[in-house]
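Reproduced below: my_file14.txt, with compact mmCIF, C-alpha atoms.
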# COMPACT_ATOMS: atom_id res chain seq x y z
CA MET N 120 0.00 0.00 0.00
CA LYS N 121 1.27 3.45 -0.88
CA ASN N 122 2.40 5.60 2.03
CA LEU N 123 -0.12 8.42 2.56
CA SER N 124 2.54 11.05 3.20
CA SER N 125 4.43 10.19 -0.01
CA GLU N 126 1.38 11.10 -2.10
CA LEU N 127 2.09 14.77 -1.50
CA ILE N 128 5.75 14.48 -2.53
CA PRO N 129 7.35 16.48 -4.12
CA LEU N 130 6.21 19.46 -2.08
CA THR N 131 6.05 23.00 -3.37
CA PRO N 132 8.86 25.21 -2.01
CA ALA N 133 6.37 27.21 0.10
CA VAL N 134 4.90 24.09 1.72
CA PHE N 135 8.33 22.55 2.29
CA TYR N 136 9.73 25.63 4.02
CA ILE N 137 6.60 26.09 6.12
CA LEU N 138 6.85 22.48 7.31
CA LEU N 139 10.56 22.99 7.96
CA SER N 140 9.89 26.10 10.04
CA LEU N 141 7.17 24.35 12.05
CA ALA N 142 9.50 21.43 12.75
CA ARG N 143 11.09 23.53 15.49
CA GLY N 144 7.76 24.08 17.29
CA GLU N 145 4.50 25.97 17.30
CA LEU N 146 4.61 29.26 15.37
CA HIS N 147 2.18 31.98 14.33
CA GLY N 148 1.91 33.39 10.80
CA TYR N 149 4.52 36.12 11.06
CA GLU N 150 6.99 33.83 12.83
CA ILE N 151 6.62 31.32 10.00
CA MET N 152 7.25 34.11 7.48
CA LYS N 153 10.41 35.23 9.32
CA GLN N 154 11.65 31.67 9.82
CA VAL N 155 11.27 30.87 6.12
CA ARG N 156 13.13 34.05 5.18
CA HIS N 157 15.88 33.12 7.64
CA ASP N 158 16.13 29.48 6.53
CA THR N 159 16.45 30.48 2.88
CA GLN N 160 18.75 33.47 3.49
CA GLY N 161 16.02 35.72 2.12
CA ARG N 162 15.67 33.83 -1.16
CA VAL N 163 12.09 32.78 -0.39
CA LYS N 164 9.88 35.64 0.79
CA LEU N 165 6.37 34.53 1.61
CA GLY N 166 3.73 37.18 1.21
CA ASN N 167 0.42 36.88 3.04
CA GLY N 168 -1.36 35.51 -0.06
CA THR N 169 1.12 32.67 -0.51
CA LEU N 170 1.48 31.98 3.22
CA TYR N 171 -2.20 31.71 4.06
CA GLY N 172 -3.06 29.98 0.77
CA SER N 173 -0.47 27.33 1.64
CA LEU N 174 -1.62 27.10 5.27
CA LYS N 175 -5.19 26.58 4.07
CA ARG N 176 -4.20 23.69 1.81
CA MET N 177 -1.92 22.21 4.47
CA LEU N 178 -4.73 22.30 7.02
CA SER N 179 -6.99 20.59 4.51
CA ASP N 180 -4.31 17.95 3.78
CA LYS N 181 -3.84 17.53 7.56
CA LEU N 182 -0.13 18.36 7.37
CA ILE N 183 -0.54 20.99 10.07
CA GLN N 184 -3.11 21.78 12.71
CA ASP N 185 -4.35 24.74 14.66
CA ALA N 186 -2.44 24.91 17.96
CA GLY N 187 -4.88 27.44 19.41
CA ASP N 188 -4.73 31.16 20.16
CA LYS N 189 -2.15 32.57 22.52
CA ILE N 190 -1.72 35.99 24.10
CA ASP N 191 1.81 37.13 23.30
CA PRO N 192 3.99 39.42 25.47
CA ASP N 193 2.84 42.44 23.42
CA ASN N 194 -0.70 41.60 24.62
CA THR N 195 -1.85 40.56 21.14
CA ARG N 196 -3.80 37.40 20.44
CA ARG N 197 -2.30 35.28 17.66
CA LYS N 198 -3.18 31.91 16.19
CA TYR N 199 -0.45 29.27 16.29
CA TYR N 200 0.12 26.28 14.04
CA LYS N 201 1.92 23.01 14.61
CA LEU N 202 2.90 19.93 12.61
CA THR N 203 0.70 16.86 12.64
CA PRO N 204 2.28 13.37 12.63
CA LYS N 205 1.41 13.19 8.91
CA GLY N 206 3.11 16.55 8.37
CA ARG N 207 6.26 15.35 10.10
CA LYS N 208 6.29 12.14 8.04
CA THR N 209 5.82 14.14 4.85
CA LEU N 210 8.64 16.51 5.81
CA ASN N 211 10.91 13.56 6.55
CA ALA N 212 10.04 11.95 3.22
CA GLU N 213 10.77 15.21 1.38
CA MET N 214 14.07 15.72 3.22
CA LYS N 215 15.02 12.14 2.36
CA ARG N 216 14.29 12.92 -1.29
CA TYR N 217 16.51 16.01 -1.09
CA ILE N 218 19.34 14.01 0.50
CA GLU N 219 19.04 11.34 -2.19
CA THR N 220 19.21 14.03 -4.86
CA VAL N 221 22.34 15.49 -3.27
CA GLU N 222 23.85 11.99 -3.18
CA ILE N 223 23.19 11.60 -6.90
CA ILE N 224 24.79 14.98 -7.57
CA LYS N 225 27.82 13.98 -5.49
CA HIS N 226 28.02 10.55 -7.08
CA ARG N 227 28.03 12.01 -10.59
CA GLU N 228 30.55 14.62 -9.49
CA LEU N 229 28.33 17.40 -10.78
CA ILE N 230 29.13 19.88 -8.04
CA PRO N 231 32.50 21.12 -9.42
CA ALA N 232 31.06 21.22 -12.93
CA LEU N 233 28.18 23.39 -11.80
CA ASP N 234 30.50 25.47 -9.65
CA LEU N 235 28.10 25.30 -6.71
CA ASP N 236 28.98 26.90 -3.43
CA LEU N 237 27.40 24.67 -0.78
CA SER N 238 28.94 26.41 2.20
CA LEU N 239 26.37 27.96 4.50
CA MET W 8 0.62 60.78 13.18
CA ASN W 9 2.37 58.44 15.61
CA LYS W 10 3.67 54.97 14.78
CA ASN W 11 0.65 53.07 16.07
CA GLN W 12 -1.79 55.28 14.16
CA GLN W 13 0.26 54.77 11.00
CA ILE W 14 0.14 50.98 11.46
CA GLU W 15 -3.61 51.03 12.11
CA LEU W 16 -4.27 53.14 9.02
CA ALA W 17 -2.19 50.84 6.80
CA ALA W 18 -3.92 47.80 8.33
CA GLN W 19 -7.35 49.28 7.60
CA PHE W 20 -6.41 49.70 3.96
CA TYR W 21 -5.01 46.17 3.83
CA SER W 22 -8.15 44.84 5.50
CA LEU W 23 -10.20 46.23 2.61
CA LEU W 24 -7.94 44.50 0.07
CA ILE W 25 -8.25 41.07 1.63
CA ARG W 26 -12.02 41.30 1.56
CA LEU W 27 -11.65 40.44 -2.12
CA TYR W 28 -10.84 36.84 -1.13
CA PRO W 29 -13.78 34.39 -1.14
CA LYS W 30 -16.14 34.79 1.81
CA LYS W 31 -15.20 31.56 3.55
CA TYR W 32 -11.51 32.36 3.23
CA VAL W 33 -12.07 35.82 4.71
CA GLN W 34 -14.02 34.31 7.62
CA THR W 35 -11.15 31.93 8.39
CA PHE W 36 -8.06 34.04 7.83
CA HIS W 37 -9.02 37.73 7.88
CA ALA W 38 -7.96 38.51 11.47
CA GLU W 39 -4.73 36.52 11.18
CA MET W 40 -3.76 38.09 7.88
CA VAL W 41 -4.31 41.60 9.23
CA GLN W 42 -2.26 40.75 12.34
CA THR W 43 0.58 39.33 10.22
CA PHE W 44 0.48 42.45 8.08
CA LYS W 45 0.69 44.64 11.18
CA ASP W 46 3.63 42.61 12.56
CA ASN W 47 5.42 42.96 9.25
CA TYR W 48 4.72 46.67 9.01
CA ARG W 49 5.79 47.33 12.60
CA ASP W 50 9.03 45.40 12.19
CA LEU W 51 9.93 47.31 9.05
CA LEU W 52 9.01 50.64 10.63
CA GLU W 53 11.17 49.91 13.68
CA SER W 54 14.14 48.58 11.72
CA GLU W 55 14.20 51.06 8.85
CA GLY W 56 12.23 54.01 10.18
CA LYS W 57 9.81 54.02 7.21
CA VAL W 58 7.83 51.68 5.00
CA GLY W 59 8.67 52.06 1.34
CA LEU W 60 6.80 51.42 -1.88
CA GLN W 61 8.57 48.08 -2.36
CA PHE W 62 6.83 46.65 0.73
CA TRP W 63 3.41 47.62 -0.60
CA VAL W 64 4.13 46.35 -4.10
CA GLU W 65 5.34 42.98 -2.80
CA PHE W 66 2.47 42.57 -0.36
CA ILE W 67 -0.29 43.68 -2.72
CA SER W 68 0.99 41.72 -5.73
CA ASP W 69 1.23 38.54 -3.64
CA ASP W 70 -2.29 39.07 -2.34
CA LEU W 71 -3.69 39.81 -5.80
CA LYS W 72 -2.28 36.48 -7.03
CA GLY W 73 -3.73 34.80 -3.94
CA ILE W 74 -7.15 36.41 -4.52
CA GLY W 75 -7.21 35.16 -8.13
CA ARG W 76 -6.19 31.65 -7.09
CA GLU W 77 -8.66 31.38 -4.22
CA GLN W 78 -11.52 32.76 -6.31
CA VAL W 79 -10.88 30.07 -8.96
CA VAL W 80 -10.74 27.38 -6.24
CA SER W 81 -13.93 28.77 -4.74
CA PHE W 82 -15.62 28.71 -8.15
CA MET W 83 -14.68 25.03 -8.50
CA LYS W 84 -16.50 24.26 -5.27
CA ILE W 85 -19.85 25.42 -6.60
CA PRO W 86 -22.25 22.46 -6.85
CA LEU W 87 -22.61 21.12 -10.38
CA VAL W 88 -26.36 21.58 -10.30
CA LEU W 89 -25.99 25.33 -9.71
CA LEU W 90 -23.61 25.62 -12.66
CA ILE W 91 -26.05 23.72 -14.87
CA VAL W 92 -28.89 26.02 -13.82
CA PHE W 93 -26.65 29.01 -14.51
CA CYS W 94 -25.77 27.71 -17.99
CA LEU W 95 -29.40 26.95 -18.80
CA LEU W 96 -30.38 30.46 -17.77
CA ILE W 97 -27.63 31.92 -19.93
CA SER W 98 -28.58 29.67 -22.86
CA SER W 99 -32.28 30.55 -22.64
CA THR W 100 -31.40 34.21 -22.52
CA VAL W 101 -29.16 33.89 -25.55
CA MET W 102 -32.20 32.58 -27.42
CA THR W 103 -33.93 35.92 -26.95
CA ILE W 104 -31.38 37.57 -29.24
CA ARG W 105 -33.78 37.32 -32.18
CA ILE W 106 -36.45 39.11 -30.20
CA SER W 107 -34.31 41.88 -28.80
CA PRO W 108 -30.51 42.00 -28.47
CA VAL W 109 -30.80 44.80 -25.91
CA PHE W 110 -33.10 42.68 -23.75
CA MET W 111 -30.66 39.77 -24.04
CA VAL W 112 -27.66 41.83 -22.98
CA ILE W 113 -29.57 43.28 -20.01
CA MET W 114 -30.76 39.82 -18.95
CA LEU W 115 -27.25 38.34 -19.26
CA THR W 116 -25.85 41.13 -17.11
CA VAL W 117 -28.54 40.58 -14.47
CA ILE W 118 -27.93 36.79 -14.43
CA VAL W 119 -24.15 37.14 -14.14
CA ILE W 120 -24.38 39.74 -11.37
CA THR W 121 -27.00 37.71 -9.46
CA THR W 122 -24.91 34.54 -9.75
CA LEU W 123 -21.74 36.29 -8.59
CA PHE W 124 -23.71 37.73 -5.67
CA PHE W 125 -24.91 34.26 -4.65
CA ILE W 126 -21.44 32.77 -5.03
CA LYS W 127 -20.08 35.50 -2.78
CA LYS W 128 -22.85 35.16 -0.19
CA LEU W 129 -23.18 31.41 0.08
CA SER W 130 -20.63 29.01 1.47
CA PHE W 131 -20.64 25.97 -0.75
CA PRO W 132 -19.49 22.55 0.39
CA VAL W 133 -16.06 21.44 -0.78
CA ARG W 134 -16.03 19.08 -3.73
CA LYS W 135 -12.87 17.13 -3.03
CA THR W 136 -10.79 15.38 -5.63
CA SER W 137 -9.84 11.84 -4.70
CA LYS W 138 -6.09 11.39 -4.60
CA LYS W 139 -6.46 7.94 -6.14
CA SER W 140 -7.91 9.47 -9.28
CA ALA W 141 -5.20 12.16 -9.50
CA LYS W 142 -3.66 10.57 -12.57
CA LYS W 143 -6.92 10.80 -14.50
CA ILE W 144 -7.86 14.22 -13.29
CA TRP W 145 -8.05 15.50 -16.89
CA LEU W 146 -10.95 13.16 -17.59
CA LYS W 147 -13.07 14.63 -14.81
CA HIS W 148 -12.25 18.26 -15.58
CA GLY W 149 -12.39 17.81 -19.36
CA PHE W 150 -15.78 16.14 -19.12
CA PHE W 151 -17.17 18.70 -16.68
CA TYR W 152 -16.23 21.72 -18.78
CA GLY W 153 -17.11 19.89 -21.99
CA MET W 154 -20.65 19.39 -20.75
CA LEU W 155 -20.85 23.06 -19.76
CA LEU W 156 -19.62 24.02 -23.21
CA GLY W 157 -22.19 21.67 -24.72
CA LEU W 158 -25.00 23.26 -22.72
CA PHE W 159 -23.83 26.58 -24.07
CA ILE W 160 -23.51 25.40 -27.69
CA LEU W 161 -26.72 23.40 -28.00
CA PRO W 162 -29.30 26.20 -27.72
CA MET W 163 -27.05 28.61 -29.60
CA ASN W 164 -26.72 26.21 -32.51
CA THR W 165 -30.44 25.49 -32.45
CA VAL W 166 -31.44 29.13 -32.52
CA ASN W 167 -28.92 29.94 -35.22
CA MET W 168 -29.99 27.10 -37.50
CA LEU W 169 -33.74 27.31 -37.11
CA THR W 170 -33.96 31.04 -37.58
CA ILE W 171 -32.99 33.22 -40.45
CA GLN W 172 -29.31 33.53 -41.20
CA ASP W 173 -28.05 37.05 -41.65
CA VAL W 174 -24.39 37.15 -40.72
CA LEU W 175 -24.10 40.86 -41.36
CA SER W 176 -26.89 41.74 -38.98
CA TYR W 177 -25.86 43.59 -35.83
CA GLN W 178 -28.01 41.03 -33.98
CA SER W 179 -25.38 38.37 -34.66
CA VAL W 180 -22.61 40.36 -33.04
CA PRO W 181 -23.40 39.65 -29.35
CA LEU W 182 -23.93 35.98 -30.19
CA GLY W 183 -20.60 35.85 -31.99
CA ILE W 184 -18.82 37.56 -29.11
CA LEU W 185 -20.38 35.14 -26.62
CA PHE W 186 -19.27 32.16 -28.67
CA LEU W 187 -15.80 33.48 -29.46
CA ALA W 188 -15.18 34.44 -25.84
CA GLY W 189 -17.06 31.59 -24.16
CA MET W 190 -15.44 28.66 -25.97
CA PRO W 191 -11.79 29.62 -25.34
CA LEU W 192 -12.64 30.65 -21.79
CA LEU W 193 -14.15 27.28 -20.90
CA VAL W 194 -11.37 25.33 -22.64
CA ILE W 195 -8.61 27.32 -20.99
CA LEU W 196 -10.42 27.04 -17.62
CA SER W 197 -10.62 23.29 -18.11
CA GLY W 198 -6.87 23.11 -18.78
CA TYR W 199 -6.14 25.47 -15.91
CA THR W 200 -8.10 23.54 -13.28
CA ALA W 201 -6.70 20.19 -14.44
CA GLY W 202 -3.18 21.66 -14.34
CA LEU W 203 -3.83 23.22 -10.95
CA TRP W 204 -5.05 20.02 -9.31
CA SER W 205 -2.63 17.62 -11.01
CA LYS W 206 0.38 19.99 -11.24
CA ASP W 207 0.88 18.60 -14.73
CA THR W 208 0.70 20.60 -17.99
CA LYS W 209 0.00 17.44 -20.00
CA GLN W 210 -3.19 16.81 -18.04
CA GLY W 211 -4.24 20.39 -18.82
CA LEU W 212 -3.67 19.72 -22.52
CA PHE W 213 -5.74 16.52 -22.42
CA SER W 214 -8.46 18.21 -20.40
CA GLY W 215 -8.67 21.13 -22.87
CA LEU W 216 -8.75 18.76 -25.81
CA LEU W 217 -11.49 16.67 -24.21
CA THR W 218 -13.55 19.79 -23.46
CA ALA W 219 -13.19 20.98 -27.07
CA SER W 220 -13.99 17.49 -28.41
CA ILE W 221 -17.17 17.28 -26.35
CA GLY W 222 -18.10 20.77 -27.54
CA ALA W 223 -17.50 19.72 -31.15
CA GLY W 224 -19.56 16.58 -30.48
CA PHE W 225 -22.43 18.75 -29.32
CA ILE W 226 -22.25 20.75 -32.55
CA VAL W 227 -22.36 17.58 -34.67
CA VAL W 228 -25.15 15.94 -32.63
CA SER W 229 -27.29 19.08 -32.58
CA THR W 230 -26.84 19.42 -36.35
CA ILE W 231 -28.03 15.82 -36.87
CA ILE W 232 -31.03 16.42 -34.60
CA LEU W 233 -31.86 19.57 -36.54
CA MET W 234 -31.67 17.65 -39.81
CA LEU W 235 -34.34 15.33 -38.41
CA VAL W 236 -36.64 18.25 -37.67
CA TRP W 237 -35.67 19.97 -40.91
CA GLU W 238 -39.07 19.56 -42.49
CA MET W 239 -40.70 21.56 -39.72
CA ALA W 240 -37.99 24.22 -39.82
CA SER W 241 -38.18 24.76 -43.56
CA THR W 242 -41.98 25.00 -43.39
CA ASN W 243 -41.67 27.65 -40.72
CA ALA W 244 -39.04 29.52 -42.69
CA SER W 245 -41.04 29.66 -45.89
CA SER W 246 -44.19 30.78 -44.09
CA VAL W 247 -42.65 33.84 -42.45
CA SER W 248 -42.65 36.87 -44.71
CA TYR W 249 -39.41 38.46 -43.54
CA MET W 250 -37.60 35.13 -43.94
CA VAL W 251 -38.80 34.82 -47.49
CA GLY W 252 -37.79 38.43 -48.10
CA SER W 253 -34.32 37.82 -46.79
CA TRP W 254 -34.05 34.67 -48.92
CA GLN W 255 -35.00 36.63 -52.03
CA ASN W 256 -32.25 39.14 -51.31
CA ASN W 257 -29.80 36.26 -51.04
CA LEU W 258 -28.20 34.42 -53.93
CA GLU W 259 -29.27 30.95 -52.78
CA SER W 260 -31.74 29.16 -55.05
CA THR W 261 -33.96 27.51 -52.42
CA VAL W 262 -35.03 28.31 -48.86
CA PRO W 263 -33.55 25.08 -47.42
CA HIS W 264 -30.26 25.73 -49.16
CA PHE W 265 -30.36 29.33 -48.01
CA GLN W 266 -30.72 28.13 -44.41
CA TRP W 267 -28.34 25.19 -44.53
CA SER W 268 -25.43 26.47 -46.56
CA PRO W 269 -24.05 29.13 -44.20
CA ASN W 270 -25.02 27.20 -41.07
CA LEU W 271 -23.25 24.04 -42.13
CA SER W 272 -20.15 25.95 -43.18
CA ALA W 273 -20.11 27.73 -39.84
CA ASN W 274 -20.49 24.42 -38.00
CA VAL W 275 -17.64 22.78 -39.85
CA VAL W 276 -15.38 25.78 -39.24
CA SER W 277 -16.35 25.93 -35.54
CA THR W 278 -15.64 22.23 -35.06
CA ILE W 279 -12.21 22.43 -36.71
CA ILE W 280 -11.29 25.56 -34.76
CA MET W 281 -12.40 23.97 -31.50
CA LEU W 282 -10.34 20.84 -32.04
CA ILE W 283 -7.21 22.71 -33.09
CA PHE W 284 -7.32 25.34 -30.40
CA GLY W 285 -8.65 22.97 -27.71
CA ALA W 286 -5.25 21.35 -27.28
CA VAL W 287 -3.35 24.63 -27.50
CA LEU W 288 -5.58 26.50 -25.05
CA GLY W 289 -5.76 23.47 -22.75
CA ALA W 290 -1.96 23.27 -22.68
CA ILE W 291 -1.69 27.00 -21.94
CA GLY W 292 -4.31 26.65 -19.17
CA GLY W 293 -2.52 23.57 -17.82
CA PHE W 294 0.80 25.39 -17.77
CA ILE W 295 -0.68 28.37 -15.89
CA GLY W 296 -2.48 25.98 -13.51
CA LYS W 297 0.72 24.07 -12.84
CA LYS W 298 2.59 27.30 -12.12
CA SER W 299 -0.22 28.52 -9.83
CA ALA W 300 -0.17 25.24 -7.90
CA LYS W 301 3.49 25.80 -7.12
CA LEU W 302 2.91 29.17 -5.49
As structure tokens, how would this structure be written, given the file I've shared?
Amino acid sequence: MKNLSSELIPLTPAVFYILLSLARGELHGYEIMKQVRHDTQGRVKLGNGTLYGSLKRMLSDKLIQDAGDKIDPDNTRRKYYKLTPKGRKTLNAEMKRYIETVEIIKHRELIPALDLDLSL
Amino acid sequence: MNKNQQIELAAQFYSLLIRLYPKKYVQTFHAEMVQTFKDNYRDLLESEGKVGLQFWVEFISDDLKGIGREQVVSFMKIPLVLLIVFCLLISSTVMTIRISPVFMVIMLTVIVITTLFFIKKLSFPVRKTSKKSAKKIWLKHGFFYGMLLGLFILPMNTVNMLTIQDVLSYQSVPLGILFLAGMPLLVILSGYTAGLWSKDTKQGLFSGLLTASIGAGFIVVSTIILMLVWEMASTNASSVSYMVGSWQNNLESTVPHFQWSPNLSANVVSTIIMLIFGAVLGAIGGFIGKKSAKL
């Protein structure tokens, strides 16, 4: 039987980075936005339209769930999101796919040819 | 104006923009989206001292894309029965073109506005696509839009063939515009939705081609049906004085030939155009859908 989480693979960049940001814990919308920008060194900037469109589909696919409203130190109520077990499995499957792709690139010795700088 | 007032004012403007999303989406995400906007705005104001045009351009353009995408998704969730009723209403109204083109245009406007109002006001249940059938998604979408196209073509073809043909008449213009705009729109929408759900341009191409093929099928079938009722149609044509008058001004030798010749030519041309452009428009729709799915 096909693994449920693998049906959603490959993920779109927005969904992948949102899952990656939520892997560190519960976050609200703006925190997700900042985390994605940080994780991608500013290469992926999620606007509200892309962020909430992705969150909507991820909620519907049960990759994430509502973690409830919290009152933050600035006295503002914000909604938090967290990964579901399916979301974590999907993230793991996608990361595995990325690692396998990197292995192929290494194996074929494509990195020097492409002149990639992999240092972070 | 202090910092907080500036943030509130910007948020009020942004709040108006996001009301353009579908109603259900606004109900779910409005407060969050405004809060995220405020957080973003405040951060930028504190770190850079001002909020530039680039921030607004980036935010608004992303939301405009989101509004377009969500409105299409919302449209797809409308129950099939409502779409059929809508198409029947449109088709019946198109039939009134021979009575009064002005009346037809007014009625079409009223129907479209009323339908959009209902779509905006009502929250329709989600029509989910089974993941198991993801590989054959083009079949479902192609068939769905093909049937809609058929419902659109059938009465139009009937009215055109059973009434007097006068291609130069201003009365034919709205009908022509409806057909020329409606067919590509439905085919490209078919390709777009198939591409959006399957993330595959090829499925968009197949879906568009299927939609166009079903549309062409409707043209052929309705022509055959009309041939069966031809006797009645020709009797009607020859008994109406203005039809006879128009025939006499034409170069055709007989009334039946006068009626059939241009109609059949138009049908053949329409069918060929639909089949050729179905694949092209479907592929374009599929490509756009695939790109939209990646956002």
Neighbours of chain N in chain W at 10 Å, counting only C-alpha atoms, as a ChimeraX atom specification:
/W:25,28,32,35-47,62,65-77,138-139,141,300-302
Would you work out the distance separating CA of Cys94 (chain W) from CA of Gly153 (chain W), expressed in Å to one decimal?
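Taking CA of Cys94 (chain W) as the start and CA of Gly153 (chain W) as the end point, the length is 12.3 Å.
The spacing separating CA of Leu27 (chain W) from CA of Glu15 (chain W) amounts to 19.5 Å.
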Separation of CA of Ser277 (chain W) from CA of Leu146 (chain W), in Å and rounded to one decimal
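For CA of Ser277 (chain W) relative to CA of Leu146 (chain W), the distance reads 22.7 Å.
Compared by their closest atoms to Ala212 (chain N), and using only C-alpha atoms, the residues N:Leu146, N:Ala186, N:Leu138, N:Leu178 rank with N:Leu138 nearest.
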